[in-house]
$ cat run10.cif   # mmCIF, C-alpha atoms and all ligand atoms
data_structure
#
loop_
_atom_site.label_atom_id
_atom_site.label_comp_id
_atom_site.auth_asym_id
_atom_site.auth_seq_id
_atom_site.Cartn_x
_atom_site.Cartn_y
_atom_site.Cartn_z
CA ILE E 1 -2.82 29.10 3.08
CA ASN E 2 -4.46 29.38 6.51
CA CYS E 3 -5.87 25.91 6.94
CA ILE E 4 -4.93 22.46 5.68
CA GLY E 5 -7.33 19.50 5.63
CA ILE E 6 -6.11 15.95 6.01
CA LEU E 7 -7.78 12.62 5.27
CA THR E 8 -6.96 8.93 4.82
CA SER E 9 -8.75 6.98 2.11
CA GLY E 10 -9.01 3.51 0.59
CA GLY E 11 -7.20 0.57 2.16
CA ASP E 12 -5.57 1.33 5.51
CA ALA E 13 -1.83 0.85 5.95
CA PRO E 14 0.46 0.84 8.97
CA GLY E 15 2.20 4.20 9.22
CA MET E 16 -0.81 6.28 8.19
CA ASN E 17 -1.03 7.56 11.78
CA ALA E 18 2.61 8.61 11.71
CA ALA E 19 1.82 10.56 8.52
CA ILE E 20 -1.25 12.21 10.08
CA ARG E 21 0.88 13.22 13.05
CA ALA E 22 3.63 14.65 10.87
CA VAL E 23 1.27 16.65 8.63
CA THR E 24 -0.56 18.01 11.68
CA ARG E 25 2.57 19.04 13.55
CA ALA E 26 4.36 20.43 10.49
CA ALA E 27 1.36 22.62 9.70
CA LEU E 28 0.96 23.82 13.29
CA TYR E 29 4.69 24.54 13.35
CA GLU E 30 4.16 26.86 10.37
CA GLY E 31 1.22 28.52 12.12
CA ILE E 32 -1.35 26.85 9.87
CA LYS E 33 -4.63 25.48 11.19
CA VAL E 34 -5.35 21.76 10.66
CA LYS E 35 -8.72 20.19 10.08
CA ALA E 36 -9.01 16.41 10.27
CA ILE E 37 -11.54 14.83 7.94
CA TYR E 38 -12.89 11.45 9.04
CA ARG E 39 -13.72 8.47 6.76
CA GLY E 40 -11.96 9.73 3.66
CA TYR E 41 -13.96 11.33 0.86
CA LYS E 42 -17.16 10.10 2.48
CA GLY E 43 -16.58 12.22 5.57
CA LEU E 44 -15.51 15.15 3.43
CA ILE E 45 -18.86 15.08 1.65
CA SER E 46 -20.91 14.55 4.83
CA GLY E 47 -18.85 17.01 6.91
CA GLU E 48 -17.23 14.75 9.53
CA ILE E 49 -14.55 17.33 10.23
CA LYS E 50 -12.76 18.39 13.39
CA GLU E 51 -9.99 20.89 14.07
CA PHE E 52 -6.80 19.16 15.26
CA HIS E 53 -4.36 20.45 17.84
CA THR E 54 -0.98 18.96 18.64
CA GLU E 55 -2.35 16.75 21.43
CA ASP E 56 -4.83 15.16 19.02
CA VAL E 57 -1.91 13.30 17.43
CA SER E 58 -0.10 12.36 20.64
CA ASN E 59 0.78 8.67 21.07
CA ILE E 60 -0.44 7.59 17.65
CA ILE E 61 2.91 7.06 15.89
CA LEU E 62 3.01 3.47 17.16
CA ARG E 63 -0.54 2.54 16.21
CA GLY E 64 -1.58 0.62 13.11
CA GLY E 65 -4.66 1.53 11.06
CA THR E 66 -5.73 5.17 10.88
CA ILE E 67 -7.26 7.25 13.66
CA LEU E 68 -9.10 9.21 10.97
CA LYS E 69 -10.81 6.00 9.78
CA THR E 70 -10.96 5.28 6.12
CA ALA E 71 -13.69 4.50 3.65
CA ARG E 72 -14.47 3.87 0.04
CA CYS E 73 -16.85 6.41 -1.45
CA GLN E 74 -18.85 5.86 -4.62
CA GLU E 75 -20.26 9.39 -4.49
CA PHE E 76 -16.81 10.93 -4.95
CA VAL E 77 -16.48 9.13 -8.28
CA THR E 78 -19.35 11.29 -9.62
CA PRO E 79 -19.04 15.01 -10.51
CA GLU E 80 -22.01 15.77 -8.20
CA GLY E 81 -20.27 14.09 -5.26
CA ARG E 82 -17.03 15.94 -5.91
CA LYS E 83 -18.90 19.26 -6.11
CA MET E 84 -20.36 18.55 -2.66
CA ALA E 85 -16.84 17.81 -1.42
CA TYR E 86 -15.58 21.09 -2.87
CA ASP E 87 -18.46 23.06 -1.31
CA ARG E 88 -17.63 21.51 2.04
CA LEU E 89 -13.98 22.57 1.80
CA VAL E 90 -15.06 26.13 1.01
CA GLU E 91 -17.56 26.13 3.87
CA GLU E 92 -14.93 24.83 6.31
CA GLU E 93 -12.39 27.36 4.99
CA ILE E 94 -9.90 24.61 4.18
CA ASP E 95 -7.41 25.99 1.63
CA ALA E 96 -5.52 22.81 0.70
CA LEU E 97 -5.88 19.09 1.21
CA VAL E 98 -3.45 16.27 2.05
CA VAL E 99 -4.75 12.88 0.94
CA ILE E 100 -3.05 9.75 2.31
CA GLY E 101 -4.00 6.67 0.34
CA GLY E 102 -3.31 4.29 -2.50
CA ASP E 103 -3.72 4.30 -6.22
CA GLY E 104 -7.51 4.82 -6.13
CA SER E 105 -7.45 7.60 -3.56
CA LEU E 106 -4.78 9.51 -5.46
CA SER E 107 -6.70 9.03 -8.73
CA GLY E 108 -9.68 10.65 -7.04
CA ALA E 109 -7.44 13.41 -5.68
CA SER E 110 -6.10 14.08 -9.15
CA VAL E 111 -9.53 14.33 -10.77
CA PHE E 112 -10.71 16.61 -7.98
CA SER E 113 -7.66 18.85 -8.02
CA ASN E 114 -7.97 19.39 -11.78
CA GLU E 115 -11.70 19.89 -11.73
CA PHE E 116 -11.71 22.68 -9.14
CA ASN E 117 -8.16 23.95 -9.52
CA TYR E 118 -7.76 23.11 -5.85
CA PRO E 119 -4.40 22.32 -4.19
CA VAL E 120 -4.14 18.65 -3.22
CA VAL E 121 -0.93 16.89 -2.22
CA GLY E 122 -0.88 13.12 -1.86
CA LEU E 123 1.08 10.74 0.34
CA PRO E 124 1.58 7.14 -0.80
CA GLY E 125 -0.24 5.10 1.87
CA THR E 126 -0.59 1.50 0.75
CA ILE E 127 0.94 -1.85 1.66
CA ASP E 128 1.02 -2.79 -2.04
CA ASN E 129 3.98 -0.51 -2.95
CA ASP E 130 2.36 0.01 -6.35
CA LEU E 131 2.81 3.78 -6.72
CA TYR E 132 5.40 4.96 -9.19
CA GLY E 133 7.91 7.63 -8.19
CA THR E 134 8.67 6.42 -4.70
CA ASP E 135 10.99 3.58 -3.70
CA ILE E 136 8.59 2.43 -1.01
CA THR E 137 5.12 3.37 0.14
CA ILE E 138 3.94 3.89 3.71
CA GLY E 139 2.91 0.49 5.10
CA TYR E 140 4.75 -1.71 2.64
CA THR E 141 7.74 -2.53 4.86
CA THR E 142 5.57 -3.40 7.86
CA ALA E 143 3.37 -5.66 5.71
CA LEU E 144 6.46 -7.33 4.29
CA ASN E 145 7.73 -8.00 7.82
CA THR E 146 4.35 -9.47 8.77
CA ILE E 147 4.53 -11.79 5.76
CA VAL E 148 8.05 -12.87 6.68
CA ASP E 149 6.92 -13.68 10.22
CA ALA E 150 3.96 -15.72 9.01
CA VAL E 151 5.83 -17.59 6.29
CA ASP E 152 8.66 -18.48 8.70
CA LYS E 153 6.04 -20.22 10.85
CA ILE E 154 4.58 -21.99 7.86
CA ARG E 155 8.08 -23.19 6.96
CA ASP E 156 8.29 -25.04 10.28
CA THR E 157 5.20 -27.08 9.55
CA ALA E 158 5.99 -27.44 5.84
CA SER E 159 9.38 -28.96 6.59
CA SER E 160 8.03 -31.22 9.32
CA HIS E 161 5.57 -32.79 6.89
CA ASP E 162 7.41 -32.52 3.56
CA ARG E 163 4.60 -30.42 2.22
CA LEU E 164 4.21 -27.90 -0.52
CA PHE E 165 2.61 -24.72 0.81
CA ILE E 166 1.06 -22.10 -1.40
CA VAL E 167 0.75 -18.83 0.48
CA GLU E 168 -1.38 -16.00 -0.86
CA VAL E 169 -0.30 -12.47 -0.03
CA MET E 170 -1.84 -9.10 -0.87
CA GLY E 171 -0.61 -6.67 -3.48
CA ARG E 172 -3.54 -6.37 -5.84
CA ASP E 173 -1.95 -6.24 -9.26
CA ALA E 174 1.56 -5.69 -7.94
CA GLY E 175 4.03 -8.42 -7.03
CA PHE E 176 6.28 -6.55 -4.58
CA LEU E 177 4.98 -8.25 -1.45
CA ALA E 178 5.05 -11.72 -3.04
CA LEU E 179 8.45 -11.39 -4.71
CA ASN E 180 10.32 -9.70 -1.89
CA GLY E 181 8.45 -11.81 0.69
CA ALA E 182 9.67 -14.89 -1.18
CA ILE E 183 13.26 -13.65 -1.23
CA ALA E 184 13.17 -12.77 2.47
CA THR E 185 11.74 -16.15 3.54
CA GLY E 186 13.75 -18.34 1.22
CA ALA E 187 10.62 -19.46 -0.61
CA GLU E 188 11.10 -21.54 -3.74
CA ALA E 189 9.04 -19.34 -6.06
CA ALA E 190 6.77 -16.33 -6.31
CA VAL E 191 3.82 -16.14 -8.66
CA ILE E 192 3.27 -12.49 -9.48
CA PRO E 193 1.11 -10.69 -12.04
CA GLU E 194 4.13 -9.07 -13.67
CA CYS E 195 5.69 -12.37 -14.65
CA LYS E 196 3.45 -15.38 -14.76
CA TYR E 197 5.07 -18.78 -14.46
CA GLY E 198 3.72 -21.60 -16.56
CA PRO E 199 2.82 -24.65 -14.46
CA ASP E 200 5.75 -26.65 -15.85
CA GLN E 201 8.26 -23.93 -15.13
CA LEU E 202 6.87 -23.58 -11.63
CA MET E 203 6.99 -27.31 -10.97
CA SER E 204 10.48 -27.63 -12.31
CA SER E 205 11.80 -25.05 -9.86
CA ILE E 206 9.96 -26.75 -7.00
CA SER E 207 11.03 -30.29 -7.88
CA HIS E 208 14.57 -29.10 -8.31
CA GLY E 209 14.42 -27.84 -4.74
CA LEU E 210 12.92 -31.09 -3.48
CA ARG E 211 15.53 -33.21 -5.25
CA SER E 212 18.40 -31.45 -3.60
CA THR E 213 18.57 -30.87 0.11
CA LYS E 214 15.17 -29.32 0.70
CA ASN E 215 12.33 -31.24 2.24
CA SER E 216 9.64 -28.60 1.87
CA SER E 217 8.59 -25.98 -0.62
CA ILE E 218 6.80 -22.69 -0.27
CA ILE E 219 5.42 -20.60 -3.07
CA LEU E 220 4.14 -17.07 -2.53
CA VAL E 221 1.30 -15.97 -4.78
CA ALA E 222 0.10 -12.39 -5.22
CA GLU E 223 -3.69 -12.13 -4.96
CA SER E 224 -4.77 -11.09 -8.42
CA GLU E 225 -7.01 -12.22 -11.23
CA ILE E 226 -3.91 -12.65 -13.34
CA THR E 227 -2.24 -15.14 -11.00
CA GLY E 228 -5.50 -16.88 -10.08
CA GLY E 229 -4.59 -16.50 -6.40
CA ALA E 230 -3.31 -19.33 -4.20
CA MET E 231 -6.30 -21.58 -4.95
CA GLY E 232 -5.82 -21.16 -8.67
CA VAL E 233 -2.13 -22.06 -8.48
CA ALA E 234 -2.81 -24.98 -6.11
CA ASN E 235 -5.44 -26.44 -8.44
CA LEU E 236 -3.09 -26.18 -11.36
CA ILE E 237 -0.39 -28.08 -9.50
CA LYS E 238 -2.77 -30.71 -8.10
CA ASP E 239 -4.16 -31.40 -11.57
CA ARG E 240 -0.78 -32.02 -13.08
CA TYR E 241 1.03 -33.56 -10.16
CA PRO E 242 -1.48 -35.34 -7.93
CA ASP E 243 1.29 -36.89 -5.77
CA TYR E 244 2.19 -33.59 -4.12
CA ASP E 245 0.72 -32.86 -0.69
CA VAL E 246 -0.35 -29.28 -1.43
CA ARG E 247 -1.69 -26.92 1.24
CA VAL E 248 -3.02 -23.39 0.81
CA THR E 249 -2.75 -20.52 3.29
CA ILE E 250 -4.27 -17.12 2.63
CA LEU E 251 -2.70 -14.55 4.91
CA GLY E 252 -5.50 -12.01 4.42
CA HIS E 253 -5.97 -8.95 6.55
CA ILE E 254 -3.28 -9.66 9.13
CA GLN E 255 -1.02 -8.13 6.48
CA ARG E 256 -2.60 -4.72 6.96
CA GLY E 257 -2.46 -4.64 10.74
CA GLY E 258 0.08 -4.13 13.45
CA SER E 259 2.33 -1.43 14.74
CA PRO E 260 4.31 0.22 11.93
CA CYS E 261 8.00 -0.70 11.73
CA ALA E 262 10.68 1.96 12.18
CA THR E 263 11.08 2.47 8.42
CA ASP E 264 7.38 3.18 7.92
CA ARG E 265 7.30 5.58 10.85
CA ILE E 266 10.32 7.42 9.51
CA ILE E 267 9.22 7.73 5.88
CA ALA E 268 5.70 8.70 6.97
CA SER E 269 7.15 11.42 9.22
CA GLN E 270 9.43 12.70 6.49
CA MET E 271 6.73 12.62 3.82
CA GLY E 272 4.19 14.30 6.11
CA ILE E 273 6.50 17.26 6.72
CA GLU E 274 7.26 17.47 2.99
CA ALA E 275 3.54 17.49 2.14
CA VAL E 276 3.10 20.69 4.12
CA ARG E 277 6.23 22.17 2.58
CA ALA E 278 4.94 21.26 -0.90
CA ILE E 279 1.66 23.06 -0.24
CA LEU E 280 3.46 26.16 1.01
CA GLU E 281 5.69 26.08 -2.07
CA GLY E 282 2.57 26.18 -4.24
CA GLN E 283 2.78 22.59 -5.43
CA ARG E 284 -0.49 20.93 -6.29
CA ASN E 285 -1.58 17.72 -7.89
CA VAL E 286 1.58 15.91 -6.78
CA MET E 287 2.44 12.95 -4.63
CA VAL E 288 5.39 13.18 -2.25
CA GLY E 289 7.79 10.28 -2.79
CA ILE E 290 11.25 9.24 -1.67
CA MET E 291 13.71 8.08 -4.33
CA ASN E 292 17.24 7.08 -3.34
CA GLY E 293 16.82 8.87 -0.04
CA GLU E 294 15.76 12.15 -1.67
CA VAL E 295 12.29 13.64 -1.41
CA VAL E 296 10.62 14.03 -4.80
CA TYR E 297 7.32 15.45 -6.04
CA VAL E 298 5.64 13.15 -8.53
CA PRO E 299 2.68 14.38 -10.62
CA PHE E 300 -0.39 12.31 -9.72
CA ASP E 301 -0.85 11.01 -13.23
CA ARG E 302 2.68 9.57 -13.24
CA ALA E 303 2.35 8.10 -9.75
CA ILE E 304 -0.86 6.25 -10.49
CA LYS E 305 -0.30 5.05 -14.03
CA GLY E 306 3.35 4.28 -13.65
CA ASN E 307 3.39 0.49 -13.80
CA LYS E 308 6.17 0.47 -11.25
CA PRO E 309 8.54 -2.37 -12.17
CA VAL E 310 9.31 -5.06 -9.57
CA GLY E 311 12.85 -5.21 -10.93
CA ASP E 312 14.43 -7.93 -13.06
CA ASN E 313 17.32 -8.11 -10.62
CA MET E 314 14.98 -9.23 -7.86
CA LEU E 315 13.33 -11.80 -10.12
CA ASN E 316 16.79 -13.12 -10.92
CA ALA E 317 17.71 -13.16 -7.26
CA LEU E 318 14.80 -15.45 -6.47
CA ALA E 319 15.67 -17.77 -9.35
CA ILE E 320 19.30 -18.00 -8.23
CA LEU E 321 18.55 -18.44 -4.54
CA SER E 322 15.92 -21.16 -4.92
CA ILE E 323 18.00 -23.77 -6.76
P1 LIG E 401 -6.90 2.83 -2.60
O1 LIG E 401 -6.67 4.27 -2.38
O2 LIG E 401 -6.44 2.01 -1.44
O3 LIG E 401 -6.36 2.35 -3.93
P2 LIG E 401 -9.66 2.62 -3.66
O4 LIG E 401 -9.22 2.17 -4.98
O5 LIG E 401 -10.77 1.89 -3.01
O6 LIG E 401 -8.49 2.59 -2.57
O7 LIG E 401 -10.07 4.16 -3.78
C1 LIG E 401 -10.50 4.88 -2.65
C2 LIG E 401 -11.53 5.90 -3.05
O8 LIG E 401 -10.96 6.86 -3.94
C3 LIG E 401 -12.73 5.37 -3.80
O9 LIG E 401 -13.69 4.80 -2.95
C4 LIG E 401 -13.27 6.63 -4.48
O10 LIG E 401 -14.00 7.40 -3.58
C5 LIG E 401 -11.97 7.37 -4.81
N1 LIG E 401 -11.61 7.15 -6.22
C6 LIG E 401 -10.92 6.11 -6.75
N2 LIG E 401 -10.78 6.23 -8.08
C7 LIG E 401 -11.40 7.39 -8.42
C8 LIG E 401 -11.62 8.11 -9.64
N3 LIG E 401 -11.15 7.66 -10.82
N4 LIG E 401 -12.30 9.27 -9.59
C9 LIG E 401 -12.75 9.76 -8.42
N5 LIG E 401 -12.58 9.14 -7.25
C10 LIG E 401 -11.92 7.98 -7.22
#

$ encode --input "run10.cif" --output "structure tokens"
Amino acid sequence: INCIGILTSGGDAPGMNAAIRAVTRAALYEGIKVKAIYRGYKGLISGEIKEFHTEDVSNIILRGGTILKTARCQEFVTPEGRKMAYDRLVEEEIDALVVIGGDGSLSGASVFSNEFNYPVVGLPGTIDNDLYGTDITIGYTTALNTIVDAVDKIRDTASSHDRLFIVEVMGRDAGFLALNGAIATGAEAAVIPECKYGPDQLMSSISHGLRSTKNSSIILVAESEITGGAMGVANLIKDRYPDYDVRVTILGHIQRGGSPCATDRIIASQMGIEAVRAILEGQRNVMVGIMNGEVVYVPFDRAIKGNKPVGDNMLNALAILSI
């Protein structure tokens, strides 16, 4: 291996820059050339590629987003598009690829790696924490902290007005942000795709809270077709219980932004170094994860189809703590 390519793809996540920095420096440390590919698979196909030196990744560890930009790329979903991507790698003399991205990006990496027998190692870069085989993904902890900050502020106004706030958070089809955000903010309930509350069950936990010492309620809802999002949940509650003063807040893209927290910087740094080591060891078609503090290599097909469980113990914790 003389040259490693690196790209970020799909949704951006805080800590991606720390990962780019770690991959770049770990490769240079081993005497391997690094080529940065801009705009994910799109830039790979069109050839937006630049050689990186150590100074190209200076002062980026603290920055949110990704200096390599990211994109979604329909062409890469087709065999013709992937062939163009492969030809570009050959032309640029890139011998292995590190892909930093979520579920979709690693699915693409897996298809590509199998199709051309080409070494690709993935890093879990997504705020959703929905990749199996790693305790946390790069960006998840920062996003969770952003949610906690925002919901704490909403609590002030909710308790001043005795209101019920429904707050929608990201997560796609995974409830980690909603469930753990709810636990961390003392919210009364979380509506997550993994475990849908019926409206009665939901209202009983809220009214229980209101009857005791609480004068406000907050419910976190994971954005998802299954939950119906915050609007869906709010409408359900308003229909059944028109007396409640229900307000909806959708946190949206602030959840993706901001400087990565220490945890994200550290796991991104560790995973980035391990990605280079994995390539040198001859690994391919794997995602680097961290389980119980240990670095693990997870085959792509397990990482992406894993249905990572949110954990019954955390669901119980919320139920116990919101009485
Ligand atoms: P994320 O990585 O954040 O989950 P997406 O789901 O949007 O983001 O995927 C990012 C890109 O990965 C897509 O735009 C596409 O180019 C590529 N991709 C996703 N799924 C596949 C697939 N099954 N085959 C090939 N490429 C894919």

$ closest_atom_pairs --input "run10.cif" --of "chain E" --to "ligand LIG 401 (chain E)" --cutoff "6 Å" --atoms "only C-alpha atoms and all ligand atoms" --output "JSON lines"
{"residue": "E:Ser9", "atom": "CA", "partner": "E:LIG401", "partner_atom": "C1", "distance": 5.5}
{"residue": "E:Gly10", "atom": "CA", "partner": "E:LIG401", "partner_atom": "O6", "distance": 3.3}
{"residue": "E:Gly11", "atom": "CA", "partner": "E:LIG401", "partner_atom": "O2", "distance": 4.0}
{"residue": "E:Tyr41", "atom": "CA", "partner": "E:LIG401", "partner_atom": "O10", "distance": 5.9}
{"residue": "E:Arg72", "atom": "CA", "partner": "E:LIG401", "partner_atom": "O9", "distance": 3.2}
{"residue": "E:Cys73", "atom": "CA", "partner": "E:LIG401", "partner_atom": "O10", "distance": 3.7}
{"residue": "E:Gln74", "atom": "CA", "partner": "E:LIG401", "partner_atom": "O10", "distance": 5.2}
{"residue": "E:Phe76", "atom": "CA", "partner": "E:LIG401", "partner_atom": "O10", "distance": 4.7}
{"residue": "E:Val77", "atom": "CA", "partner": "E:LIG401", "partner_atom": "C9", "distance": 3.8}
{"residue": "E:Gly101", "atom": "CA", "partner": "E:LIG401", "partner_atom": "O1", "distance": 4.5}
{"residue": "E:Gly102", "atom": "CA", "partner": "E:LIG401", "partner_atom": "O1", "distance": 3.4}
{"residue": "E:Asp103", "atom": "CA", "partner": "E:LIG401", "partner_atom": "O3", "distance": 4.0}
{"residue": "E:Gly104", "atom": "CA", "partner": "E:LIG401", "partner_atom": "O4", "distance": 3.4}
{"residue": "E:Ser105", "atom": "CA", "partner": "E:LIG401", "partner_atom": "O8", "distance": 3.6}
{"residue": "E:Ser107", "atom": "CA", "partner": "E:LIG401", "partner_atom": "C7", "distance": 5.0}
{"residue": "E:Gly108", "atom": "CA", "partner": "E:LIG401", "partner_atom": "N5", "distance": 3.3}
{"residue": "E:Val111", "atom": "CA", "partner": "E:LIG401", "partner_atom": "N4", "distance": 5.9}

$ write_last_selection --input "run10.cif" --atoms "C-alpha atoms" --output "compact mmCIF listing (two decimals), in the coordinates of the input"
# COMPACT_ATOMS: atom_id res chain seq x y z
CA SER E 9 -8.75 6.98 2.11
CA GLY E 10 -9.01 3.51 0.59
CA GLY E 11 -7.20 0.57 2.16
CA TYR E 41 -13.96 11.33 0.86
CA ARG E 72 -14.47 3.87 0.04
CA CYS E 73 -16.85 6.41 -1.45
CA GLN E 74 -18.85 5.86 -4.62
CA PHE E 76 -16.81 10.93 -4.95
CA VAL E 77 -16.48 9.13 -8.28
CA GLY E 101 -4.00 6.67 0.34
CA GLY E 102 -3.31 4.29 -2.50
CA ASP E 103 -3.72 4.30 -6.22
CA GLY E 104 -7.51 4.82 -6.13
CA SER E 105 -7.45 7.60 -3.56
CA SER E 107 -6.70 9.03 -8.73
CA GLY E 108 -9.68 10.65 -7.04
CA VAL E 111 -9.53 14.33 -10.77

$ closest_residue --input "run10.cif" --among "E:Thr66, E:Gly252, E:Leu220, E:Arg277" --to "Leu179 in chain E" --atoms "only C-alpha atoms"
E:Leu220

$ residues_around --input "run10.cif" --residues "range 232-236 of chain E" --least-positions-apart "4" --cutoff "8 Å" --atoms "only C-alpha atoms" --output "list in words"
Ile166, Pro199, Val221, Thr227, Gly228, Arg240, Val246, Arg247 and Val248 of chain E

$ atom_distance --input "run10.cif" --atom1 "CA of Gln283 in chain E" --atom2 "CA of Gly81 in chain E"
24.6 Å

$ closest_residue --input "run10.cif" --among "E:Ala109, E:Leu68, E:Ile219, E:Ile32" --to "Ile154 in chain E" --atoms "all atoms listed in the file"
E:Ile219

$ atom_distance --input "run10.cif" --atom1 "CA of Lys308 in chain E" --atom2 "CA of Gly186 in chain E"
23.8 Å

$ closest_residue --input "run10.cif" --among "E:Asp173, E:Asp135, E:Asp95, E:Asp87" --to "Pro119 in chain E" --atoms "all atoms listed in the file"
E:Asp95

$ residues_around --input "run10.cif" --residues "range 296-305 of chain E" --least-positions-apart "2" --cutoff "9 Å" --atoms "all atoms listed in the file" --output "list in words"
Gly102, Asp103, Gly104, Leu106, Ser107, Ala109, Ser110, Val121, Gly122, Asp130, Leu131, Tyr132, Gly133, Thr134, Ala278, Gln283, Arg284, Asn285, Val286, Met287, Val288, Gly289, Ile290, Met291, Glu294, Asn307 and Lys308 of chain E

$ write_last_selection --input "run10.cif" --atoms "C-alpha atoms" --output "CSV table (one decimal), keeping the file's coordinate frame"
chain,number,residue,atom,x,y,z
E,102,GLY,CA,-3.3,4.3,-2.5
E,103,ASP,CA,-3.7,4.3,-6.2
E,104,GLY,CA,-7.5,4.8,-6.1
E,106,LEU,CA,-4.8,9.5,-5.5
E,107,SER,CA,-6.7,9.0,-8.7
E,109,ALA,CA,-7.4,13.4,-5.7
E,110,SER,CA,-6.1,14.1,-9.2
E,121,VAL,CA,-0.9,16.9,-2.2
E,122,GLY,CA,-0.9,13.1,-1.9
E,130,ASP,CA,2.4,0.0,-6.4
E,131,LEU,CA,2.8,3.8,-6.7
E,132,TYR,CA,5.4,5.0,-9.2
E,133,GLY,CA,7.9,7.6,-8.2
E,134,THR,CA,8.7,6.4,-4.7
E,278,ALA,CA,4.9,21.3,-0.9
E,283,GLN,CA,2.8,22.6,-5.4
E,284,ARG,CA,-0.5,20.9,-6.3
E,285,ASN,CA,-1.6,17.7,-7.9
E,286,VAL,CA,1.6,15.9,-6.8
E,287,MET,CA,2.4,13.0,-4.6
E,288,VAL,CA,5.4,13.2,-2.2
E,289,GLY,CA,7.8,10.3,-2.8
E,290,ILE,CA,11.2,9.2,-1.7
E,291,MET,CA,13.7,8.1,-4.3
E,294,GLU,CA,15.8,12.2,-1.7
E,307,ASN,CA,3.4,0.5,-13.8
E,308,LYS,CA,6.2,0.5,-11.2

$ residues_near_point --input "run10.cif" --point "(-6.9, 25.4, 11.9)" --cutoff "12 Å" --atoms "only C-alpha atoms" --output "ChimeraX atom specification"
/E:1-6,24-25,27-36,49-54,92-96
